[in-house]
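Asker: Contents of model10.cif (mmCIF, C-alpha atoms):
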```cif
data_target
loop_
_atom_site.label_atom_id
_atom_site.label_comp_id
_atom_site.auth_asym_id
_atom_site.auth_seq_id
_atom_site.Cartn_x
_atom_site.Cartn_y
_atom_site.Cartn_z
CA MET A 289 110.07 62.38 110.60
CA TYR A 290 109.90 61.62 106.92
CA SER A 291 112.56 61.22 104.28
CA SER A 292 112.65 63.65 101.37
CA ALA A 293 113.22 62.33 97.89
CA ASN A 294 115.95 64.19 96.02
CA VAL A 295 115.31 65.87 92.68
CA ALA A 296 116.49 62.88 90.61
CA GLU A 297 114.28 60.48 92.56
CA ARG A 298 111.24 62.74 92.21
CA GLN A 299 111.76 62.97 88.46
CA SER A 300 111.79 59.18 88.16
CA GLN A 301 108.56 58.69 90.11
CA ALA A 302 105.12 58.75 88.54
CA PRO A 303 103.26 61.93 89.62
CA SER A 304 100.61 61.64 92.29
CA LEU A 305 97.29 63.32 91.49
CA ALA A 306 95.25 65.19 94.11
CA ILE A 307 92.21 67.43 94.25
CA SER A 308 92.05 70.66 96.29
CA THR A 309 89.27 73.22 96.61
CA VAL A 310 89.17 76.91 97.51
CA ILE A 311 85.81 77.74 99.11
CA PHE A 312 84.80 81.39 99.31
CA ALA A 313 81.95 82.75 101.44
CA LEU A 314 80.91 86.20 102.63
CA ARG A 315 80.69 86.98 106.31
CA THR A 316 79.65 90.26 107.89
CA ASP A 317 81.87 91.98 110.42
CA PRO A 318 79.53 92.67 113.38
CA SER A 319 81.41 95.82 114.39
CA SER A 320 81.62 97.53 110.99
CA GLY A 321 78.78 95.83 109.13
CA ALA A 322 81.09 95.28 106.15
CA SER A 323 81.18 92.00 104.26
CA GLU A 324 84.45 90.10 103.98
CA ILE A 325 85.66 87.08 102.03
CA TRP A 326 86.32 84.02 104.21
CA LEU A 327 87.43 80.47 103.44
CA PRO A 328 87.71 77.23 105.43
CA LEU A 329 91.08 75.58 105.94
CA VAL A 330 92.05 72.16 107.24
CA ARG A 331 94.89 71.53 109.68
CA ARG A 332 97.29 68.85 108.44
CA ILE A 333 97.58 65.92 110.84
CA ARG A 334 100.53 64.23 109.15
CA GLN A 335 103.80 65.07 107.43
CA PRO A 336 104.70 66.89 105.33
CA HIS A 337 103.66 70.24 106.84
CA LEU A 338 102.31 68.65 110.02
CA GLY A 339 100.18 71.17 111.92
CA LYS A 340 99.96 73.71 109.10
CA TRP A 341 96.69 74.90 107.61
CA ALA A 342 95.86 73.82 104.07
CA LEU A 343 93.05 73.83 101.54
CA PRO A 344 90.52 70.99 101.77
CA GLY A 345 91.48 68.18 99.45
CA GLY A 346 92.71 64.68 98.99
CA PRO A 347 93.59 61.98 96.45
CA LEU A 348 91.57 61.28 93.34
CA GLY A 349 89.64 58.01 93.52
CA ALA A 350 90.26 55.46 90.77
CA ARG A 351 86.64 55.60 89.59
CA GLU A 352 85.84 59.24 90.36
CA SER A 353 85.50 62.17 88.02
CA LEU A 354 87.51 65.23 89.01
CA GLN A 355 84.39 67.18 90.00
CA ASP A 356 82.95 64.25 91.97
CA ALA A 357 86.23 63.96 93.89
CA ALA A 358 86.21 67.69 94.67
CA ALA A 359 82.61 67.51 95.91
CA ARG A 360 83.33 64.43 98.01
CA ASN A 361 86.39 65.99 99.63
CA LEU A 362 84.35 69.05 100.55
CA ARG A 363 81.61 66.96 102.15
CA GLU A 364 84.10 64.87 104.11
CA THR A 365 86.19 67.77 105.43
CA THR A 366 83.71 70.64 105.81
CA ALA A 367 80.25 69.06 105.31
CA LEU A 368 79.65 71.65 102.56
CA ASP A 369 77.80 70.91 99.33
CA PRO A 370 78.17 74.14 97.31
CA THR A 371 75.96 74.97 94.35
CA TYR A 372 78.84 76.62 92.47
CA LEU A 373 81.86 74.39 91.87
CA GLU A 374 84.22 75.08 88.96
CA GLN A 375 87.68 73.91 87.99
CA LEU A 376 90.19 76.67 88.65
CA TYR A 377 93.65 75.55 87.53
CA ALA A 378 96.22 72.75 87.71
CA PHE A 379 99.32 73.21 89.89
CA GLY A 380 102.19 70.82 89.22
CA GLY A 381 105.55 72.39 90.06
CA LEU A 382 108.39 69.93 90.61
CA ASP A 383 108.98 71.07 94.19
CA ARG A 384 105.40 71.30 95.47
CA SER A 385 105.91 68.29 97.75
CA ALA A 386 109.09 67.07 99.41
CA THR A 387 108.20 63.40 99.12
CA GLN A 388 107.11 62.96 95.51
CA ARG A 389 105.89 64.83 92.44
CA LEU A 390 102.39 66.07 93.24
CA VAL A 391 99.93 67.51 90.72
CA SER A 392 96.83 69.18 92.17
CA ILE A 393 93.69 69.87 90.18
CA VAL A 394 92.19 72.83 92.02
CA TYR A 395 88.51 73.69 92.11
CA TRP A 396 86.87 76.75 93.58
CA ALA A 397 83.45 76.96 95.18
CA LEU A 398 81.18 79.82 96.19
CA VAL A 399 78.68 79.42 99.02
CA ARG A 400 75.94 81.58 100.47
CA PRO A 401 76.14 82.73 104.12
CA ASP A 402 73.45 80.24 105.18
CA GLN A 403 75.43 77.43 103.53
CA ALA A 404 78.67 78.59 105.16
CA ASP A 405 76.98 78.50 108.58
CA LEU A 406 76.43 74.77 108.07
CA ALA A 407 80.13 74.07 107.56
CA ARG A 408 81.72 71.74 110.05
CA ASP A 409 83.98 73.70 112.42
CA SER A 410 86.38 71.76 114.65
CA GLU A 411 89.90 71.72 116.00
CA ASN A 412 91.21 70.83 112.53
CA VAL A 413 88.72 72.72 110.35
CA ARG A 414 88.44 76.48 110.76
CA TRP A 415 87.28 79.53 108.80
CA PHE A 416 89.77 82.31 108.07
CA ARG A 417 89.56 85.73 106.47
CA ALA A 418 91.01 85.38 102.97
CA SER A 419 93.37 88.28 103.74
CA GLU A 420 94.78 86.32 106.70
CA ALA A 421 95.20 82.96 104.92
CA VAL A 422 99.00 83.04 104.76
CA GLY A 423 101.78 80.63 105.68
CA LEU A 424 99.78 77.67 104.40
CA ALA A 425 101.10 74.21 103.58
CA PHE A 426 102.62 73.42 100.19
CA ASP A 427 101.96 76.24 97.68
CA HIS A 428 98.47 76.95 98.95
CA ASP A 429 99.25 80.65 99.54
CA GLU A 430 99.80 80.91 95.79
CA ILE A 431 96.61 78.98 95.04
CA VAL A 432 94.46 81.19 97.29
CA ALA A 433 95.96 84.33 95.72
CA TYR A 434 95.24 82.98 92.24
CA ALA A 435 91.66 82.12 93.18
CA LEU A 436 91.08 85.60 94.61
CA GLU A 437 92.48 87.15 91.43
CA ARG A 438 90.14 85.00 89.33
CA LEU A 439 87.19 85.92 91.57
CA ARG A 440 87.88 89.65 91.19
CA GLY A 441 88.12 89.26 87.43
CA LYS A 442 84.85 87.36 87.11
CA VAL A 443 82.70 89.31 89.58
CA THR A 444 82.26 92.17 87.11
CA TYR A 445 80.43 89.95 84.62
CA GLY A 446 78.32 86.82 84.64
CA SER A 447 76.60 85.31 87.65
CA VAL A 448 79.48 84.96 90.11
CA ALA A 449 78.30 87.66 92.54
CA TYR A 450 74.84 86.11 92.87
CA HIS A 451 76.20 82.79 94.14
CA PHE A 452 77.08 84.59 97.39
CA LEU A 453 73.44 85.57 97.89
CA GLY A 454 70.10 83.89 98.37
CA ASP A 455 67.28 83.82 95.84
CA ARG A 456 66.18 87.28 96.95
CA PHE A 457 68.52 90.13 97.86
CA THR A 458 68.67 93.89 98.24
CA LEU A 459 70.86 96.14 96.13
CA ALA A 460 72.83 96.98 99.28
CA GLN A 461 73.56 93.28 99.83
CA LEU A 462 74.66 92.90 96.21
CA ARG A 463 76.88 95.97 96.52
CA GLY A 464 78.38 94.41 99.64
CA VAL A 465 79.44 91.39 97.56
CA TYR A 466 81.21 93.60 95.04
CA GLU A 467 82.90 95.64 97.77
CA ALA A 468 84.12 92.53 99.59
CA VAL A 469 85.48 90.92 96.43
CA LEU A 470 87.04 94.07 94.95
CA GLY A 471 88.28 95.35 98.31
CA LYS A 472 87.01 98.90 97.87
CA HIS A 473 84.02 101.09 98.66
CA LEU A 474 81.49 101.64 95.86
CA ASP A 475 79.27 104.69 95.73
CA PRO A 476 75.69 103.48 96.29
CA ALA A 477 74.13 105.89 93.77
CA ASN A 478 76.61 105.01 91.02
CA PHE A 479 76.20 101.31 91.73
CA ARG A 480 72.42 101.58 91.44
CA ARG A 481 72.70 103.45 88.13
CA GLN A 482 75.01 100.79 86.71
CA LEU A 483 72.57 98.04 87.66
CA ARG A 484 69.74 99.71 85.74
CA SER A 485 71.39 98.54 82.51
CA ALA A 486 71.89 94.99 83.78
CA GLN A 487 69.83 92.44 81.86
CA ASP A 488 69.79 89.64 84.42
CA ILE A 489 68.39 91.32 87.53
CA ALA A 490 64.74 92.11 88.20
CA ALA A 491 62.85 93.82 91.01
CA THR A 492 60.26 91.78 92.90
CA ASP A 493 57.14 92.89 94.76
CA GLU A 494 58.78 91.88 98.05
CA VAL A 495 60.69 93.96 100.57
CA LEU A 496 63.21 93.06 103.26
CA GLN A 497 61.47 92.82 106.60
CA GLY A 498 62.83 93.58 110.03
CA GLY A 499 64.60 96.89 109.51
CA ARG A 500 63.96 100.15 111.37
CA ASN A 501 63.69 102.34 108.28
CA ARG A 502 61.73 102.01 105.07
CA PRO A 503 62.20 98.39 104.00
CA PRO A 504 64.32 98.03 100.84
CA ARG A 505 63.02 96.24 97.78
CA LEU A 506 64.19 92.71 97.06
CA TYR A 507 65.61 91.69 93.69
CA ARG A 508 66.27 88.38 91.99
CA TYR A 509 68.78 87.12 89.46
CA THR A 510 67.11 86.07 86.20
CA GLY A 511 70.12 84.88 84.23
CA PRO A 512 71.24 81.31 83.52
#
```
I'd like the structure from this file rewritten - as structure tokens, please.
Answerer:
Amino acid sequence: MYSSANVAERQSQAPSLAISTVIFALRTDPSSGASEIWLPLVRRIRQPHLGKWALPGGPLGARESLQDAAARNLRETTALDPTYLEQLYAFGGLDRSATQRLVSIVYWALVRPDQADLARDSENVRWFRASEAVGLAFDHDEIVAYALERLRGKVTYGSVAYHFLGDRFTLAQLRGVYEAVLGKHLDPANFRRQLRSAQDIAATDEVLQGGRNRPPRLYRYTGP
């Protein structure tokens, strides 16, 4: 058991600072072939919220930058070292923690499927569909929802979608990223026409090997 500080006591304490990270990856459903957004969660092994699932995270080291702390926490909990790591938001509501005022600087990371396959999976670290990541510790439901909203807003511009893919990809694989993030089917012909005006994607002389039908052409992202 643990004792909860009342509101007056929490207001008199100096806030504690922590780092949390939302990690998004695409995984393919073997039955439908559709891509889905997944994220790893960590089971809490102490109070508060003993036994509940939570985002990877931990305290900020005295000599660490915020981004270094986020990267370290990811390596220690999931063994992941994502190429895309960006600060998402700060969450600091008075009632986030029952024991003291807790401010979390939240980062979000995007990883390719081959990177996600390297993530440490154990009794206390497990991957979940983003749509099923509910009932989490603290206010992590709210954080995941906010991160998904940000992801949907950013996938329509910039380089976000390409961080889910390798250096080479087919247009069908890229469309699968958009469909997974936006949660809706996109017409293949319309999607291809829209990409013709894109400045940061170029066709290569390579094709995807291993398929039964005519192998599709591979593309690459040429932007920053």
Asker: Could you give me, as a VMD selection string, the residues within 7 Å of stretch 435-441 of chain A, counting all atoms listed in the file and dropping anything in the same chain fewer than 3 positions from it?
Answerer: chain A and resid 431 to 432 444 469 to 470
Asker: Taking (87.2, 78.4, 104.4) in the coordinates of the supplied file, I want to know which residues reach to within 7 Å of it, counting all atoms listed in the file; could you give the answer as a CSV table (one decimal) with C-alpha atoms, keeping the file's coordinate frame?
Answerer:
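Written output follows (selection31.csv):
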```csv
chain,number,residue,atom,x,y,z
A,311,ILE,CA,85.8,77.7,99.1
A,312,PHE,CA,84.8,81.4,99.3
A,326,TRP,CA,86.3,84.0,104.2
A,327,LEU,CA,87.4,80.5,103.4
A,328,PRO,CA,87.7,77.2,105.4
A,329,LEU,CA,91.1,75.6,105.9
A,414,ARG,CA,88.4,76.5,110.8
A,415,TRP,CA,87.3,79.5,108.8
A,416,PHE,CA,89.8,82.3,108.1
```
Asker: Would you kindly translate the PyMOL selection byres ((chain A and resi 354-358) around 10) into the concrete residues it picks from this file, as a ChimeraX atom specification?
Answerer: /A:306-309,344-353,359-363,373-375,393-397
Asker: So that I can check the surroundings of stretch 496-501 of chain A, please list as a count of residues only every protein, DNA and RNA residue that reaches within 10 Å of it, counting only C-alpha atoms and ignoring chain neighbours fewer than 2 positions away.
Answerer: 9
Asker: Out of A:Val448, A:Ala367, A:Leu314, A:Leu424, which residue has the shortest atom-to-atom distance to A:His337 when counting all atoms listed in the file?
Answerer: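 Closest residue, counting all atoms listed in the file: A:Leu424.
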Asker: One number please: atom CA of A:Thr371 to atom CA of A:Gly511, in Å, one decimal.
Answerer: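 Separation of atom CA of A:Thr371 and atom CA of A:Gly511: 15.3 Å.
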Asker: State, in Å with one decimal place, the distance from atom CA of A:Glu324 to atom CA of A:Ser447.
Answerer: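 We find that atom CA of A:Glu324 and atom CA of A:Ser447 lie 18.7 Å from each other.
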Asker: Find the residues of stretch 401-491 of chain A that sit at most 12 Å from stretch 315-318 of chain A; for each, write down the nearest two atoms and how far apart they are in Å, to one decimal. Count all atoms listed in the file. Sort by chain, then by number going up, and give it as JSON lines.
Answerer:
```
{"residue": "A:Pro401", "atom": "CA", "partner": "A:Arg315", "partner_atom": "CA", "distance": 6.6}
{"residue": "A:Asp402", "atom": "CA", "partner": "A:Arg315", "partner_atom": "CA", "distance": 10.0}
{"residue": "A:Gln403", "atom": "CA", "partner": "A:Arg315", "partner_atom": "CA", "distance": 11.3}
{"residue": "A:Ala404", "atom": "CA", "partner": "A:Arg315", "partner_atom": "CA", "distance": 8.7}
{"residue": "A:Asp405", "atom": "CA", "partner": "A:Arg315", "partner_atom": "CA", "distance": 9.5}
{"residue": "A:Trp415", "atom": "CA", "partner": "A:Arg315", "partner_atom": "CA", "distance": 10.3}
{"residue": "A:Phe416", "atom": "CA", "partner": "A:Arg315", "partner_atom": "CA", "distance": 10.4}
{"residue": "A:Arg417", "atom": "CA", "partner": "A:Arg315", "partner_atom": "CA", "distance": 9.0}
{"residue": "A:Ala418", "atom": "CA", "partner": "A:Arg315", "partner_atom": "CA", "distance": 11.0}
{"residue": "A:Phe452", "atom": "CA", "partner": "A:Arg315", "partner_atom": "CA", "distance": 9.9}
{"residue": "A:Leu453", "atom": "CA", "partner": "A:Arg315", "partner_atom": "CA", "distance": 11.2}
{"residue": "A:Gln461", "atom": "CA", "partner": "A:Thr316", "partner_atom": "CA", "distance": 10.5}
{"residue": "A:Gly464", "atom": "CA", "partner": "A:Thr316", "partner_atom": "CA", "distance": 9.3}
{"residue": "A:Val465", "atom": "CA", "partner": "A:Arg315", "partner_atom": "CA", "distance": 9.9}
{"residue": "A:Glu467", "atom": "CA", "partner": "A:Thr316", "partner_atom": "CA", "distance": 11.9}
{"residue": "A:Ala468", "atom": "CA", "partner": "A:Arg315", "partner_atom": "CA", "distance": 9.4}
{"residue": "A:Val469", "atom": "CA", "partner": "A:Arg315", "partner_atom": "CA", "distance": 11.7}
```
